[in-house]
Structures are given as structure tokens and as C-alpha cells.
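**Student:** Structure incoming, see below.
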Amino acid sequence: MRALVWNGVNDLAVETVPDARVVNPRDVVLRVLATTTCGSDLHFIDGYLPGMLPGDVFGHEFMGEVVDVGPGVTRVRVGDRVVVPSFIACGSCWHCERGEFSLCDTTNPNAAAQQPLLGYPSGGIYGYTHPFGGYAGSHAEFVRVPFGDVNCFSVPEGVNDVAALFVSDAAPTGYMGADFCEITPGDTVAVFGAGAVGLMAAASARLMGAERVIVIDRLPERLEKARTVAGAETLDYTAVDSVQEVLRETTGGRGPDAVVEAVGMEGHGTGVQEKLDRAKQALRLETDRATPLREAILACRKGGVVSVLGVYGLTDSFPMGDIVNKGLTLRSAQQHGQRYVPRLLEHVAAGELDTAALMTHEMPLEESVRGYEIFKQKEDGCLRAVFHP
Amino acid sequence: MDVTGTARTLVGQVASAAGRVLPGGGTATSPQQTLTFTSSPTDVLTAVRDAGVWSQVLGEFGAVELEAPGRYRFTSEHGPAAGTPTELRETGEVVQFTRTEGGGGPLVELRVTTAPPGRGTEVALRLDLPLPDLATGAATFTVLYRLRALLQTGEVPTITPQPSARPASR
């Protein structure tokens, strides 16, 4: 089959690889109908996250048609059109039973490699670094899905492939981030980052009853999406002297009740600290440019919630004192998609959540190397590039 | 950082080490790894008497054969063809596979303890391997993680075989 592979830092290629197939009894194999870029891929493409091997098939946000099922699969059928969360869950371990699916205790074949990094290994993920399992990814004609009955969700007839695609990762990640905020009527939620996850967090906060949602970014086309997709107010951080002041003034001096950070380790910003981060990152003295994370912590009102969705490594100058002295609650996780996908599909089917708006570029898998370049450079207003194998 | 290669190497050495254990080795200082299983203590103890279970958790790196009641032979394609014969010894909540040739302590020691309410069973594993502690610890963790996965889901997580553009998988 044809697949997009990582051959080294900033070295991608579409190549012919062996077909994905059923390995374990509860596996399912999908013919991939749609698969998309994700900002977290850029971290290993750019070389900031180690643990990829040359030749790895990557990609973790996808949907497709079931073409094969293992003998232990009972619910999913060949021909089903399904969407699959990016983290792999077994559905039966202690964490899965509590809805913490990305913390699954049993699906990481390289758990011993991750244990020293995290203390306790996470679940596996498709098409990411090997400490996260090393599973082949979805930028391919076919992909193997372990525990198909747990991880495949049927797409309703009224939901098209692209709309369903983003229910794999961007939408549940954003929705979970908003869920962490424990929104009550009258709340103001600020969202740092108007990428796909930030937009879904903003739209989800609206769905959950936030009175106001304020999205902070610098790219005009993304801020426009925030207004149209999420009904949010927007703030261009390059156009103001202080994001903190604007947020404080526009909330009557209280500050946002909750702040979602949806940027991650390659964030942009202004000021001296951002320049210092950029220099240290270039010299491999730190992994993160964490301006948005620090800004999120500073921006949140006393006693509020900071919900971190961005992918980070080791962050310097982390303002722990602000968290303590302001009594903040910091919440974070990789997405527990299996908890949220059914209700997200209902929201999409009901026209309450426009996930398809996240796609700005669409192309065959054969053009995916170019697709990642457009995505990485944010050319032509690229928010997400979608590939069809 | 080739963490995957390192992990695979370590796992591969688990089984092969079974046939290369240094005389006089013991488990007193072997690194212990502990995981909590949702399975009951009885289910864990029953499972580890099954040579097939050990073969599954060792996977492509080795196998265990039941030669006679209470007699198990650990083998690996990387180790001596004859493998390492062991005898099963059980004392309450402790299971040991003790070498029957060449002396030395248990090759494998597994201990189960009931976890706090609602948490299942704490399972501690030691493997006596002729490796540095760091490598032995990683290998022991992999085997224990696989054992938990097998008991709780019926499957051992694997990425072998799977598609890649590496020459070995073409």
C-alpha cells in the first residue's frame, strides 16, 4: 500500500509499504477514507521530539471503512464507516473503566521505553513516537485498529467523511479541554491558539454554556474562523501591548474564569522571554517555546481553571508560583476520545458543531509531503490539510 | 535516542538470558517491578502456572515448555538449544521457577498481594538476568506489562508485524 513515512528530521516521503493487517484477534483493519495533519506531528518532523524510526508510517487522526475484522471482534462489521480516536484503548483496564482512555494500561507495546520518561506509561497512539507505542499511522491506504469494538465509532449517515474525520482528535481534544473548565452560566473562557484544537475548544465551551469565549492568536484567517465557527470574540496578540491587560479589562478586572492552552511547544509570542525560548530551543537547551502556557496561567482569574491541551516537553521558567498564589487548578490530558466521540457525532449531526470547517486544504495522499509543508508554514491560510489515500 | 531499539533489545534478552544465567546468580538483588492487575490473585497464580502464558508474554523472543508436572523449560532462539530447566515452587502468594541444573537462585520470582479495595492485585516480578540492573529492570517491566495485558484483555500488545518503509518489513 502507499503511505506517508518519516525518514528523518524534515524528511518525509510517500512510499510503498506492506499492507496493514489483522494481528491480534480483536483487531480491525480500515481502508482510510480521510486522514489529516496535526500540529503535534510537527514536533517530531522538526526534530524536537525523539523516538521516531526512519520508515515509520505516521498520522493519527483519521476515519475509514472497515475492510477486515479479527475473530474476537463482535460489534464492528466489514463495511462500517467509522471514526477512530487517536489514542488506543482496551476498554477494560482500571483507567479505561474510569473513562481515562488515553491512560490505558495495556496498549503500549513500548511501555518500558516510556516508563522512565513518565513514571507510568500512557496508552498507545497511532503513528507517533515509539515511546507512545510505535504503531503504524493513518497516512496510508489501510490502518490496523487494535480493540476494534472499543475504538471504532459508526458515523451517522448525515455526517460526511471530513466532518467525521475531525471527531477523531481535534474535536474531542478541544471538547475535553472545555469539559475540564467545568463551565457554569456566566463564565468567560479564554482560549490561547486558534488552530483546530483551539477552535474546537472554543466551540465546545460555547456548547457547554459559556457566556463569553475569547480566542487569542495572531493569524487573521484563524481569528476569523474563531468568530464564525465558535462564535468567539477574538484578540490578536500582536496588535496589543499586553494580552493580560486586555483580558483583565474586558472581564471587569476579574480575569477569565477558565483558560484553555491549545498551542504547545512550538508556540509563538512576543517579548524577551519568547526570544530567549527560541534561542534555547534552537540550541537544544530546552524543548519548549512556552509563551502561550505562561500567558494562560497569568491570564486566568484567581481560583480558576487552566486547561492545557498543547503538547509540551520540558518547560523552562514555568510560573509555579502563580498557580499556587492564585489557587489555580491545572488540568491536562491527552484526549480521552472514546468518552466524547458519541456525543460529538450527535452535535455534528445536529448541526451544532462545524468540524468540517477545520479543513482548508484537501488532496490525494500522494501529495501529502507538500500538504505538510503548506501546513507547517501556514501557507495559504492552512489550518488543516486532509489527505485521501 | 533509539528508545525502541533499546527496548526491543532488552526484551529480546529476557528469553535468551534464561539460557545464559551466570552460575551462582540470585534474585536477592535483581530489580523488582510491580504492577497492579485488575485480575484476582487466584487468576494471576493460575495463569503463571501455564507455560503457554509465559510463551505469549515472551512472544517472539522465547518460549516456555511444560516438561512434566511442575517442570518448565525456558528456551530462546538466542540462547543454548537445550534451554534452562526449572522447577515450579509455590509458597502462599509467591511463585518461583528455580533452576534445576547449575545451581543459582530462582530464574523467575513472582509475588501477588491483594491491593486496596477496588484496585485488584499487586504483582511483583523479579527476573534473574545476567544484565545490568537498568536493563534487567526494563526487561522485567516489559514482561510484567505484557502479562497484565494478556490477563486483562486476552491479548499482548504488539507492533509486529506492521507496515513501515524499513527494509526488514518490505
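By convention here, the chains of the C-alpha cells are called A, B, ... in the order presented, each chain's residues are numbered starting at 1, and ligands are numbered starting at 1 in the order presented.
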Residues of chain A within 8 Å of chain B, using only C-alpha atoms, as a VMD selection string?
**Tutor:** chain A and resid 5 15 to 21 23 to 25 50 to 57 90 92 to 94 105 to 113 130 to 131 133 to 136
**Student:** Quick one: DSSP strand (DSSP E) residues in region 72-135 of chain B, as a ChimeraX atom specification?
**Tutor:** /B:72-75,84-91,94-99,106-114,121-127
**Student:** Check region 26-216 of chain A with DSSP on the backbone and list each residue it calls alpha helix (DSSP H), as JSON, numbers by chain.
**Tutor:** {"A": [39, 40, 41, 42, 43, 44, 45, 94, 95, 96, 97, 111, 112, 113, 114, 115, 116, 117, 118, 148, 149, 150, 151, 161, 162, 163, 164, 165, 170, 171, 172, 173, 174, 175, 176, 177, 178, 179, 180, 196, 197, 198, 199, 200, 201, 202, 203, 204, 205, 206, 207]}
**Student:** Do you know which residues are at most 6 Å from Leu125 (chain B) counting only C-alpha atoms, after dropping those on the same chain fewer than 2 positions away, and could you put them as a list in words?
**Tutor:**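 Close residues of Leu125 (chain B): Gln32, Gln33, Glu109 and Leu110 of chain B.
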**Student:** Store the residues picked out above in a file with all heavy atoms, as a CSV table (one decimal), in the first residue's frame.
**Tutor:**
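Output saved as selection_11.csv:
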chain,number,residue,atom,x,y,z
B,32,GLN,N,13.2,-5.4,41.1
B,32,GLN,CA,11.8,-5.8,41.1
B,32,GLN,C,10.9,-4.8,40.4
B,32,GLN,O,11.1,-3.6,40.6
B,32,GLN,CB,11.3,-6.0,42.6
B,32,GLN,CG,9.9,-6.3,42.7
B,32,GLN,CD,9.5,-6.5,44.2
B,32,GLN,OE1,10.0,-7.4,44.8
B,32,GLN,NE2,8.6,-5.6,44.7
B,33,GLN,N,10.0,-5.3,39.6
B,33,GLN,CA,9.0,-4.4,39.0
B,33,GLN,C,7.6,-4.8,39.5
B,33,GLN,O,7.3,-6.0,39.6
B,33,GLN,CB,9.0,-4.5,37.5
B,33,GLN,CG,10.3,-4.0,36.9
B,33,GLN,CD,10.3,-2.4,36.8
B,33,GLN,OE1,9.4,-1.7,37.3
B,33,GLN,NE2,11.4,-1.9,36.3
B,109,GLU,N,10.8,-15.0,39.9
B,109,GLU,CA,10.1,-15.0,41.1
B,109,GLU,C,8.9,-14.0,41.0
B,109,GLU,O,9.1,-12.8,40.6
B,109,GLU,CB,11.0,-14.5,42.3
B,109,GLU,CG,10.2,-14.5,43.6
B,109,GLU,CD,11.1,-14.1,44.8
B,109,GLU,OE1,12.0,-15.0,45.2
B,109,GLU,OE2,11.0,-13.0,45.2
B,110,LEU,N,7.7,-14.4,41.3
B,110,LEU,CA,6.5,-13.6,41.2
B,110,LEU,C,5.8,-13.7,42.5
B,110,LEU,O,5.5,-14.7,43.0
B,110,LEU,CB,5.7,-14.1,40.0
B,110,LEU,CG,4.4,-13.3,39.6
B,110,LEU,CD1,4.3,-13.2,38.1
B,110,LEU,CD2,3.2,-14.0,40.2
**Student:** Compile the contact shell of Pro292 (chain A) as a ChimeraX atom specification: residues with an atom at most 9 Å away, counting only C-alpha atoms, same-chain residues fewer than 5 positions apart removed.
**Tutor:** /A:192-193,261-264,267-269,297
**Student:** Store the residues picked out above in a file with all heavy atoms, as a short mmCIF file (atom, residue, chain, number, x, y, z; two decimals), in the first residue's frame.
**Tutor:**
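Below you can see selection_38.cif, which holds the result:
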data_model
loop_
_atom_site.label_atom_id
_atom_site.label_comp_id
_atom_site.auth_asym_id
_atom_site.auth_seq_id
_atom_site.Cartn_x
_atom_site.Cartn_y
_atom_site.Cartn_z
N PHE A 192 -6.15 30.15 24.21
CA PHE A 192 -4.91 30.55 23.54
C PHE A 192 -4.66 29.57 22.39
O PHE A 192 -4.48 28.38 22.61
CB PHE A 192 -3.72 30.54 24.51
CG PHE A 192 -3.65 31.76 25.38
CD1 PHE A 192 -4.47 31.89 26.49
CD2 PHE A 192 -2.78 32.79 25.08
CE1 PHE A 192 -4.42 33.02 27.30
CE2 PHE A 192 -2.71 33.93 25.87
CZ PHE A 192 -3.54 34.06 26.98
N GLY A 193 -4.66 30.10 21.17
CA GLY A 193 -4.42 29.28 19.99
C GLY A 193 -5.68 29.02 19.22
O GLY A 193 -6.64 28.46 19.75
N GLU A 261 -5.23 26.31 27.00
CA GLU A 261 -3.99 26.47 26.25
C GLU A 261 -3.99 25.42 25.15
O GLU A 261 -4.00 24.22 25.43
CB GLU A 261 -2.78 26.31 27.17
CG GLU A 261 -1.47 26.74 26.52
CD GLU A 261 -0.91 25.75 25.53
OE1 GLU A 261 -1.30 24.55 25.58
OE2 GLU A 261 -0.09 26.13 24.71
N ALA A 262 -4.00 25.86 23.89
CA ALA A 262 -4.10 24.92 22.77
C ALA A 262 -3.04 25.24 21.72
O ALA A 262 -3.33 25.36 20.54
CB ALA A 262 -5.50 24.99 22.16
N VAL A 263 -1.82 25.37 22.17
CA VAL A 263 -0.72 25.74 21.26
C VAL A 263 0.37 24.66 21.29
O VAL A 263 0.64 24.01 20.30
CB VAL A 263 -0.13 27.11 21.61
CG1 VAL A 263 1.01 27.44 20.64
CG2 VAL A 263 -1.20 28.19 21.55
N GLY A 264 1.04 24.52 22.45
CA GLY A 264 2.08 23.52 22.53
C GLY A 264 3.48 24.09 22.37
O GLY A 264 3.69 25.31 22.37
N GLY A 267 5.14 27.24 20.22
CA GLY A 267 4.31 28.44 20.24
C GLY A 267 5.06 29.68 19.83
O GLY A 267 6.30 29.75 19.88
N HIS A 268 4.31 30.67 19.40
CA HIS A 268 4.86 31.98 19.09
C HIS A 268 4.43 32.94 20.18
O HIS A 268 3.61 32.61 21.04
CB HIS A 268 4.37 32.47 17.72
CG HIS A 268 4.84 31.62 16.59
ND1 HIS A 268 4.24 30.42 16.29
CD2 HIS A 268 5.85 31.77 15.70
CE1 HIS A 268 4.86 29.87 15.25
NE2 HIS A 268 5.85 30.67 14.87
N GLY A 269 4.99 34.13 20.12
CA GLY A 269 4.62 35.13 21.11
C GLY A 269 5.41 36.40 20.90
O GLY A 269 6.06 36.58 19.86
N ILE A 297 -1.53 30.88 32.21
CA ILE A 297 -1.51 30.82 33.68
C ILE A 297 -1.64 32.23 34.27
O ILE A 297 -2.38 32.45 35.24
CB ILE A 297 -0.21 30.13 34.15
CG1 ILE A 297 -0.27 28.64 33.78
CG2 ILE A 297 0.00 30.30 35.64
CD1 ILE A 297 1.05 27.91 33.91
#
**Student:** Separation of CA of Leu314 (chain A) and CA of Ala178 (chain A), in Å?
**Tutor:**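 Computing the Euclidean distance for CA of Leu314 (chain A) and CA of Ala178 (chain A) yields 24.1 Å.
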**Student:** Between CA of Thr114 (chain B) and CA of Ser40 (chain B), what is the distance, to one decimal in Å?
**Tutor:** 7.9 Å
**Student:** Could you jot down the CA of Asp257 (chain A) to CA of Val306 (chain A) separation for me, Å, one decimal place?
**Tutor:** 8.9 Å
**Student:** Excluding same-chain residues fewer than 4 positions from Val28 (chain A), what lies within 6 Å of it counting only C-alpha atoms, as a compact mmCIF listing (two decimals) with N, CA, C and O atoms, in the first residue's frame?
**Tutor:**
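Okay, part.txt is ready:
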# COMPACT_ATOMS: atom_id res chain seq x y z
N ASP A 68 -11.65 -5.45 7.28
CA ASP A 68 -11.32 -6.77 7.85
C ASP A 68 -11.47 -6.70 9.37
O ASP A 68 -11.21 -5.64 9.97
N VAL A 69 -11.90 -7.80 9.96
CA VAL A 69 -12.04 -7.85 11.41
C VAL A 69 -11.42 -9.16 11.91
O VAL A 69 -11.48 -10.18 11.24
N ARG A 144 -4.32 -0.53 10.82
CA ARG A 144 -4.78 -1.52 11.81
C ARG A 144 -5.26 -0.79 13.06
O ARG A 144 -4.57 0.08 13.58
N VAL A 145 -6.45 -1.17 13.53
CA VAL A 145 -7.01 -0.59 14.75
C VAL A 145 -7.15 -1.70 15.79
O VAL A 145 -8.00 -2.58 15.66
N GLY A 148 -10.93 -3.22 18.07
CA GLY A 148 -11.86 -2.51 17.17
C GLY A 148 -13.20 -2.21 17.79
O GLY A 148 -13.79 -1.13 17.55
**Student:** Please list as a CSV table (one decimal) with C-alpha atoms, in the first residue's frame every residue within 7 Å of region 338-343 of chain A, counting only C-alpha atoms and excluding residues in the same chain fewer than 5 positions away.
**Tutor:**
chain,number,residue,atom,x,y,z
A,85,PRO,CA,-9.9,8.3,18.4
A,99,GLY,CA,-13.1,6.9,31.2
A,101,PHE,CA,-8.8,6.1,27.8
A,151,ASN,CA,-12.1,2.2,19.3
A,167,VAL,CA,-14.1,13.8,15.5
A,172,PRO,CA,-12.6,15.5,21.3
**Student:** So that I can see what lies close to His139 (chain A), please list as a PyMOL selection string the residues with an atom at most 7 Å from it, counting only C-alpha atoms and leaving out residues fewer than 3 positions away in the same chain.
**Tutor:** chain A and resi 3-4+35+57-59
